Every structure is written in C-alpha cells, then in structure tokens.
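Chemist: If it helps, the file is called entry03.cif and holds mmCIF, C-alpha atoms and all ligand atoms:
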```
data_target
#
loop_
_atom_site.label_atom_id
_atom_site.label_comp_id
_atom_site.auth_asym_id
_atom_site.auth_seq_id
_atom_site.Cartn_x
_atom_site.Cartn_y
_atom_site.Cartn_z
CA MET M 1 51.73 153.53 94.20
CA LYS M 2 49.59 156.68 94.25
CA LYS M 3 45.88 156.05 94.49
CA ILE M 4 43.35 158.28 92.79
CA ALA M 5 39.55 158.12 92.92
CA ILE M 6 37.23 159.66 90.36
CA LEU M 7 33.80 161.13 91.13
CA ALA M 8 31.45 161.59 88.20
CA SER M 9 27.78 162.20 87.47
CA GLY M 10 27.21 162.04 83.73
CA THR M 11 28.49 160.45 80.55
CA GLY M 12 32.02 160.21 81.94
CA THR M 13 34.17 160.98 78.91
CA ASN M 14 36.73 162.71 81.13
CA ALA M 15 36.66 159.86 83.63
CA LEU M 16 37.27 157.25 80.93
CA ASN M 17 40.02 159.36 79.38
CA LEU M 18 41.75 159.82 82.76
CA ILE M 19 41.52 156.12 83.56
CA GLY M 20 42.99 155.17 80.17
CA LYS M 21 45.89 157.59 80.73
CA ALA M 22 46.41 156.47 84.35
CA PHE M 23 47.04 152.93 83.11
CA THR M 24 50.07 154.21 81.20
CA TYR M 25 51.77 155.15 84.51
CA SER M 26 53.00 152.22 86.57
CA ASP M 27 53.02 154.34 89.76
CA LEU M 28 49.35 155.39 89.57
CA LYS M 29 46.29 153.40 90.44
CA ILE M 30 42.62 154.31 90.07
CA SER M 31 41.39 153.26 93.51
CA CYS M 32 37.69 153.46 92.68
CA VAL M 33 35.07 155.40 90.73
CA ILE M 34 32.00 156.82 92.44
CA VAL M 35 28.88 157.84 90.53
CA ASP M 36 26.04 159.73 92.20
CA GLN M 37 23.38 159.73 89.44
CA PRO M 38 21.12 156.75 88.68
CA ASP M 39 20.96 157.63 84.97
CA SER M 40 24.74 157.96 84.47
CA THR M 41 25.96 155.64 81.72
CA LEU M 42 29.47 155.54 83.18
CA PRO M 43 29.17 152.40 85.37
CA GLU M 44 28.22 150.22 82.38
CA LYS M 45 31.02 151.67 80.24
CA LEU M 46 33.52 151.05 83.04
CA THR M 47 32.40 147.49 83.57
CA GLU M 48 33.00 146.92 79.87
CA GLU M 49 36.30 148.79 79.44
CA PHE M 50 37.93 148.59 82.87
CA PRO M 51 36.29 145.71 84.78
CA GLN M 52 39.13 145.67 87.33
CA ILE M 53 38.20 149.11 88.71
CA PRO M 54 35.69 149.14 91.57
CA VAL M 55 32.65 151.30 90.75
CA TYR M 56 30.16 152.46 93.35
CA LYS M 57 26.77 153.98 92.71
CA ILE M 58 26.09 156.14 95.75
CA PHE M 59 22.81 158.02 95.60
CA PRO M 60 21.30 160.47 98.07
CA ASP M 61 18.55 159.13 100.33
CA GLU M 62 15.54 161.19 99.26
CA SER M 63 13.66 160.38 102.46
CA LEU M 64 16.11 162.50 104.50
CA SER M 65 16.05 166.27 104.95
CA LYS M 66 18.21 168.18 102.44
CA GLU M 67 20.93 168.80 104.99
CA ASN M 68 21.03 165.24 106.33
CA ARG M 69 20.88 163.85 102.80
CA LYS M 70 24.01 165.72 101.78
CA ALA M 71 25.89 164.85 104.98
CA GLN M 72 24.98 161.18 104.65
CA LEU M 73 25.99 161.07 100.98
CA ASP M 74 29.38 162.62 101.75
CA LYS M 75 29.89 160.19 104.64
CA LYS M 76 29.23 157.21 102.38
CA ILE M 77 31.55 158.59 99.70
CA LEU M 78 34.30 159.28 102.21
CA SER M 79 33.98 155.80 103.59
CA GLN M 80 34.49 154.22 100.12
CA LEU M 81 37.38 156.56 99.34
CA ASN M 82 39.10 155.49 102.54
CA LYS M 83 38.29 151.83 102.09
CA HIS M 84 40.39 152.02 98.92
CA GLN M 85 43.17 154.10 100.56
CA THR M 86 42.51 156.95 98.16
CA GLU M 87 45.02 159.81 98.27
CA TRP M 88 43.71 162.13 95.54
CA VAL M 89 40.22 162.79 94.18
CA LEU M 90 39.44 163.94 90.65
CA LEU M 91 35.99 165.35 89.95
CA ALA M 92 35.07 164.59 86.36
CA GLY M 93 31.67 166.09 85.72
CA TYR M 94 30.61 165.57 89.34
CA MET M 95 27.65 167.88 89.76
CA ARG M 96 27.58 168.41 93.53
CA MET M 97 29.47 170.61 95.93
CA ILE M 98 31.98 168.65 97.98
CA GLY M 99 31.00 168.70 101.66
CA PRO M 100 33.21 169.73 104.59
CA ALA M 101 34.10 166.21 105.76
CA ILE M 102 35.61 165.22 102.39
CA LEU M 103 37.20 168.66 101.92
CA ARG M 104 38.87 168.45 105.30
CA TYR M 105 40.19 164.98 104.74
CA PHE M 106 41.52 165.61 101.21
CA GLU M 107 42.49 169.27 101.58
CA GLY M 108 44.54 170.39 98.55
CA ARG M 109 44.12 166.97 96.93
CA ILE M 110 40.78 167.34 95.14
CA TYR M 111 40.86 168.59 91.55
CA ASN M 112 38.00 169.61 89.27
CA ILE M 113 37.72 170.38 85.59
CA HIS M 114 35.49 173.29 84.65
CA PRO M 115 34.38 174.21 81.12
CA SER M 116 35.31 177.90 81.14
CA LEU M 117 38.20 180.21 81.83
CA LEU M 118 37.42 180.74 85.51
CA PRO M 119 36.50 183.11 87.12
CA CYS M 120 34.30 183.60 84.02
CA TYR M 121 31.18 181.44 83.89
CA PRO M 122 31.33 179.46 87.13
CA GLY M 123 28.49 177.00 87.74
CA LEU M 124 26.27 175.12 85.32
CA ARG M 125 26.07 175.28 81.49
CA ALA M 126 29.27 177.28 81.15
CA TYR M 127 29.82 176.42 77.45
CA GLU M 128 26.22 177.30 76.61
CA ARG M 129 26.48 180.68 78.35
CA ALA M 130 29.76 181.58 76.62
CA PHE M 131 28.28 180.53 73.28
CA THR M 132 25.18 182.68 73.85
CA ASP M 133 27.50 185.61 74.59
CA LYS M 134 29.54 184.80 71.42
CA SER M 135 32.51 184.74 73.70
CA SER M 136 35.71 182.74 73.42
CA SER M 137 36.00 180.33 76.31
CA GLY M 138 38.39 177.80 77.76
CA VAL M 139 38.99 175.01 80.19
CA THR M 140 40.20 175.29 83.78
CA ILE M 141 41.63 172.68 86.10
CA HIS M 142 41.45 173.89 89.68
CA LEU M 143 41.73 172.68 93.23
CA VAL M 144 38.41 172.32 94.98
CA ASP M 145 37.45 174.43 97.98
CA ALA M 146 34.13 175.10 99.71
CA GLY M 147 32.99 177.62 97.07
CA LEU M 148 31.47 177.20 93.61
CA ASP M 149 34.36 176.64 91.17
CA SER M 150 36.39 179.04 93.29
CA GLY M 151 39.51 177.08 94.25
CA PRO M 152 43.05 177.93 93.07
CA VAL M 153 43.57 177.58 89.32
CA ILE M 154 46.19 174.99 88.36
CA ILE M 155 45.93 174.84 84.55
CA GLN M 156 43.98 177.00 82.12
CA LYS M 157 43.76 177.16 78.37
CA PRO M 158 41.48 179.24 76.12
CA PHE M 159 39.76 178.31 72.88
CA PRO M 160 38.13 180.66 70.38
CA TYR M 161 34.51 181.32 69.45
CA GLU M 162 34.07 181.29 65.64
CA GLU M 163 31.20 183.23 64.03
CA SER M 164 30.19 180.13 62.07
CA ASP M 165 30.08 177.86 65.17
CA THR M 166 27.07 175.83 66.14
CA LEU M 167 26.81 175.15 69.87
CA SER M 168 27.82 171.58 69.24
CA GLU M 169 30.98 172.62 67.34
CA PHE M 170 31.85 175.09 70.07
CA MET M 171 31.35 172.48 72.80
CA SER M 172 33.29 169.80 71.00
CA ARG M 173 36.25 172.19 70.70
CA GLY M 174 36.06 172.58 74.47
CA LYS M 175 35.71 168.86 75.12
CA LYS M 176 38.84 168.08 73.08
CA LEU M 177 40.71 170.59 75.19
CA GLU M 178 39.35 168.98 78.36
CA TRP M 179 40.65 165.57 77.31
CA GLU M 180 44.05 167.11 76.55
CA LEU M 181 44.35 169.10 79.80
CA TYR M 182 42.91 166.98 82.59
CA PRO M 183 45.47 164.13 82.29
CA LYS M 184 48.21 166.68 83.08
CA VAL M 185 46.98 166.43 86.69
CA LEU M 186 48.16 162.83 86.71
CA GLU M 187 51.71 164.10 86.19
CA ILE M 188 51.25 166.68 88.95
CA ILE M 189 50.15 163.89 91.29
CA LEU M 190 53.05 161.67 90.23
CA ASN M 191 55.42 164.48 91.19
CA SER M 192 53.72 165.15 94.55
CA PRO M 193 54.66 163.51 97.83
CA SER M 194 52.56 160.52 98.76
CA HIS M 195 49.70 160.99 101.20
CA SER M 196 49.07 157.45 102.28
CA ARG M 197 47.62 157.36 105.77
CA VAL M 198 47.86 155.03 108.66
CA MET M 199 44.84 152.73 108.50
CA GLY M 200 42.36 153.54 111.22
CA GLU M 201 43.42 157.17 111.52
CA SER M 202 40.36 159.11 112.69
CA LEU M 203 38.50 161.17 110.08
C1 LIG M 301 32.74 168.50 81.38
O1 LIG M 301 32.38 169.50 80.47
C2 LIG M 301 33.48 169.07 82.55
O2 LIG M 301 34.27 170.17 82.20
C3 LIG M 301 32.38 169.47 83.48
O3 LIG M 301 31.41 168.45 83.35
C4 LIG M 301 31.51 167.89 82.05
C5 LIG M 301 31.62 166.40 82.20
O4 LIG M 301 31.65 165.76 80.96
N1 LIG M 301 32.84 169.62 84.84
P1 LIG M 301 31.97 164.22 80.86
O5 LIG M 301 30.92 163.49 81.71
O6 LIG M 301 33.35 163.99 81.37
O7 LIG M 301 31.83 163.90 79.42
#
```
Output the file's structure in the form of structure tokens.
Ligand code: GRF
Modeler:
Amino acid sequence: MKKIAILASGTGTNALNLIGKAFTYSDLKISCVIVDQPDSTLPEKLTEEFPQIPVYKIFPDESLSKENRKAQLDKKILSQLNKHQTEWVLLAGYMRMIGPAILRYFEGRIYNIHPSLLPCYPGLRAYERAFTDKSSSGVTIHLVDAGLDSGPVIIQKPFPYEESDTLSEFMSRGKKLEWELYPKVLEIILNSPSHSRVMGESL
C-alpha cells in the first residue's frame, strides 16, 4: 500500500478530487491531509466527505521569529507525515515554500500543481497574470525543489485564451484541466517503487 499525504491551504478542490480518485486504487492510501490556514474550508469538507482520513490543522506560531516559525512549522508537518508513514507528498494549493527538512526527507517524492505553463508565470496569481496579458496559459505538475515553482516538470498541458473570456471563464478552463491532470500523478506513484521506511529511522 502506497501512502500519500496532501498539503493544502485554500478551498481544496484539487485535494478533494485527488482523494476521490485515490479511493479508486486499492494500492493507494491517503495517509493524512495537512492544512496550514485557519480560514481554509477544506477540513470541514473532508470531515463530511471522507471522515476516515486524518486531517491536521498546523498553523505557524506567530510569537516566534520568522525563521524559527517556518522551521517549527516544517518540523510539526514532518512529524505528522512520518507518524502516518507517508511516502509521497502532494501539494494541492499549499501556499508556502517547503523547507529543507521536508525536502531532504522526501526528495523526489513531493509534487505540486501550478496554474501556468512553467517556467512562465511562477509564483502567485498565475491565472490572473496570464489573463491580464491576454495570453494562453496551462497547467504544470512538477516535482518540488528548494526554488519557487522551479522543480522538474512532469506533466504540462496548455489551454487557450479566448478574446471573449472573463477572468472567471479563463480560470475555470484552467481548473478543469487541473482536475484532469493532477490525478495522473497517482498512476506515476503506483508505478514507482515503494519508499516505506524502517520506523525510527533518523530524520
Ligand atoms: C490551484 O489553482 C493550483 O494550481 C494552485 O493553487 C490552486 C489551489 O486550488 N497551486 P484548490 O484549493 O485546489 O481549489
């Protein structure tokens, strides 16, 4: 059984879509979902739709310095990932950079979905920026490294900009493509060797 965790920050449509698809594969298990934003609506949706999946709300401690806050958040996340013997991590709208401890531990096993044809429009509000430029755009699934949306591209697919588009039409074309593409990573994982670790192995 291959165990996959999902990290999300927002509404979680990709997370819910991935979880629904993962249930169709008997060899995949969603180990846990971690949400880092107090106003995310995902935990409630998950409790309703998939009550069997553990969900953790892990927020940064605002009383700490910026550097310590980030390190402590990553440590807490890593600890939950390991508690559930997670082997792969899927970022689904997770709005933070992944810190070195998690990157080291899950090297080559953290995927992200980005709403553009990378390397175009890395970072925030990628659909909005492409729309403002009247540019066609796309969706990219990539492996995560220490940079901003800079890891190796795994899957990419474009979609057009139409003159008559509103931003919402443009974005919903992108979102549909996201829901189609991200689950393909589940098949990649299914076809990858297992990475289960000996319990107690040092981090
Ligand atoms: C998606 O557009 C994804 O490409 C980006 O963050 C957004 C998350 O949306 N990384 P949702 O929370 O999955 O609906």
Chemist: Compare M:Pro115, M:Pro122, M:Pro100, M:Gly174 by their minimum atom-to-atom distance to ligand LIG 301 (chain M), counting all atoms listed in the file, and give me the closest one.
Modeler: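 Among the listed residues, the smallest separation from ligand LIG 301 (chain M) belongs to M:Pro115.
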Chemist: Within 7 Å of ligand LIG 301 (chain M), counting only C-alpha atoms and all ligand atoms, which protein or nucleic acid residues do you find, written as a ChimeraX atom specification?
Modeler: /M:8-15,92-94,112-115,175,178
Chemist: Would you compute, for all listed atoms of range 41-57 of chain M, the axis-aligned bounding box grown by 8 Å on each side, and then report its centre and edge lengths in Å rounded to one decimal, as JSON?
Modeler:
```
{"center_x": 32.5, "center_y": 150.7, "center_z": 86.4, "size_x": 29.2, "size_y": 26.0, "size_z": 29.9}
```
Chemist: Could you please determine the separation between CA of Ser192 in chain M and CA of Leu42 in chain M in Å, to one decimal place?
Modeler: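 Answer for the CA of Ser192 in chain M to CA of Leu42 in chain M separation: 28.5 Å.
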Chemist: Each residue of range 77-194 of chain M with at least one atom at most 10 Å from range 22-34 of chain M should appear once, together with its nearest atom pair and the corresponding distance in Å (one decimal); atoms considered: only C-alpha atoms; ordering: chain, then increasing residue number; output as a tab-separated table.
Modeler:
```
residue	atom	partner	partner_atom	distance
M:Ile77	CA	M:Ile34	CA	7.5
M:Gln80	CA	M:Cys32	CA	8.1
M:Leu81	CA	M:Cys32	CA	7.4
M:Asn82	CA	M:Ser31	CA	9.6
M:Lys83	CA	M:Ser31	CA	9.2
M:His84	CA	M:Ser31	CA	5.6
M:Gln85	CA	M:Ser31	CA	7.3
M:Thr86	CA	M:Ser31	CA	6.0
M:Glu87	CA	M:Ser31	CA	8.9
M:Trp88	CA	M:Ser31	CA	9.4
M:Val89	CA	M:Ser31	CA	9.6
M:Leu90	CA	M:Val33	CA	9.6
M:Leu91	CA	M:Ile34	CA	9.7
M:Tyr94	CA	M:Ile34	CA	9.4
M:Pro183	CA	M:Ala22	CA	8.0
M:Leu186	CA	M:Ala22	CA	7.0
M:Glu187	CA	M:Tyr25	CA	9.1
M:Ile189	CA	M:Leu28	CA	8.7
M:Leu190	CA	M:Leu28	CA	7.3
```
Chemist: Given the point (24.5, 164.3, 97.6) in the coordinates of this file, which residues lie within 7 Å, counting all atoms listed in the file, and how would they look as a count of residues only?
Modeler: 7
Chemist: Given all atoms listed in the file as the basis, pick out the residue of M:Tyr105, M:Met97, M:His195, M:Phe50 nearest to Lys3 in chain M.
Modeler: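 For Lys3 in chain M, the nearest of the given residues is M:His195.
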Chemist: Could you tell me how far CA of Thr140 in chain M sits from CA of Tyr121 in chain M, in Å to one decimal place?
Modeler: 10.9 Å
Chemist: So how many Å separate CA of Leu16 in chain M and CA of Ser196 in chain M, to one decimal?
Modeler: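 If I compute the distance from CA of Leu16 in chain M to CA of Ser196 in chain M, I get 24.4 Å.
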Chemist: Do you know which residues are at most 10 Å from Glu107 in chain M counting all atoms listed in the file, after dropping those on the same chain fewer than 3 positions away, and could you put them as a list of chain:residue names?
Modeler: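 These residues fall inside the cut-off: M:Trp88, M:Pro100, M:Ala101, M:Ile102, M:Leu103, M:Arg104, M:Ile110, M:Leu143, M:Val144, M:Asp145.
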Chemist: Which residue out of M:Gln156, M:Ser136, M:Cys120, M:Asp149 has the minimum interatomic distance to Leu181 in chain M when all atoms listed in the file are used?
Modeler: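 For Leu181 in chain M, the nearest of the given residues is M:Gln156.
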Chemist: Some atoms are missing, so please complete range 135-147 of chain M with N, CA and C atoms and return it as a compact mmCIF listing (two decimals), keeping the file's coordinate frame.
Modeler:
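Generated file (part03.txt):
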```txt
# COMPACT_ATOMS: atom_id res chain seq x y z
N SER M 135 31.24 184.47 73.05
CA SER M 135 32.51 184.74 73.70
C SER M 135 33.46 183.55 73.54
N SER M 136 34.74 183.83 73.37
CA SER M 136 35.71 182.74 73.42
C SER M 136 35.63 182.16 74.84
N SER M 137 36.10 180.94 74.99
CA SER M 137 36.00 180.33 76.31
C SER M 137 37.28 179.59 76.64
N GLY M 138 37.18 178.52 77.39
CA GLY M 138 38.39 177.80 77.76
C GLY M 138 38.07 176.69 78.73
N VAL M 139 39.12 176.10 79.24
CA VAL M 139 38.99 175.01 80.19
C VAL M 139 39.91 175.33 81.37
N THR M 140 39.41 175.05 82.57
CA THR M 140 40.20 175.29 83.78
C THR M 140 40.28 174.02 84.62
N ILE M 141 41.46 173.72 85.09
CA ILE M 141 41.63 172.68 86.10
C ILE M 141 41.96 173.43 87.38
N HIS M 142 41.20 173.15 88.43
CA HIS M 142 41.45 173.89 89.68
C HIS M 142 41.32 172.97 90.87
N LEU M 143 41.91 173.40 91.97
CA LEU M 143 41.73 172.68 93.23
C LEU M 143 40.36 173.03 93.78
N VAL M 144 39.77 172.12 94.48
CA VAL M 144 38.41 172.32 94.98
C VAL M 144 38.45 172.87 96.39
N ASP M 145 37.66 173.93 96.62
CA ASP M 145 37.45 174.43 97.98
C ASP M 145 35.95 174.45 98.25
N ALA M 146 35.54 175.16 99.31
CA ALA M 146 34.13 175.10 99.71
C ALA M 146 33.22 175.93 98.80
N GLY M 147 33.80 176.76 97.92
CA GLY M 147 32.99 177.62 97.07
C GLY M 147 32.63 176.95 95.75
```
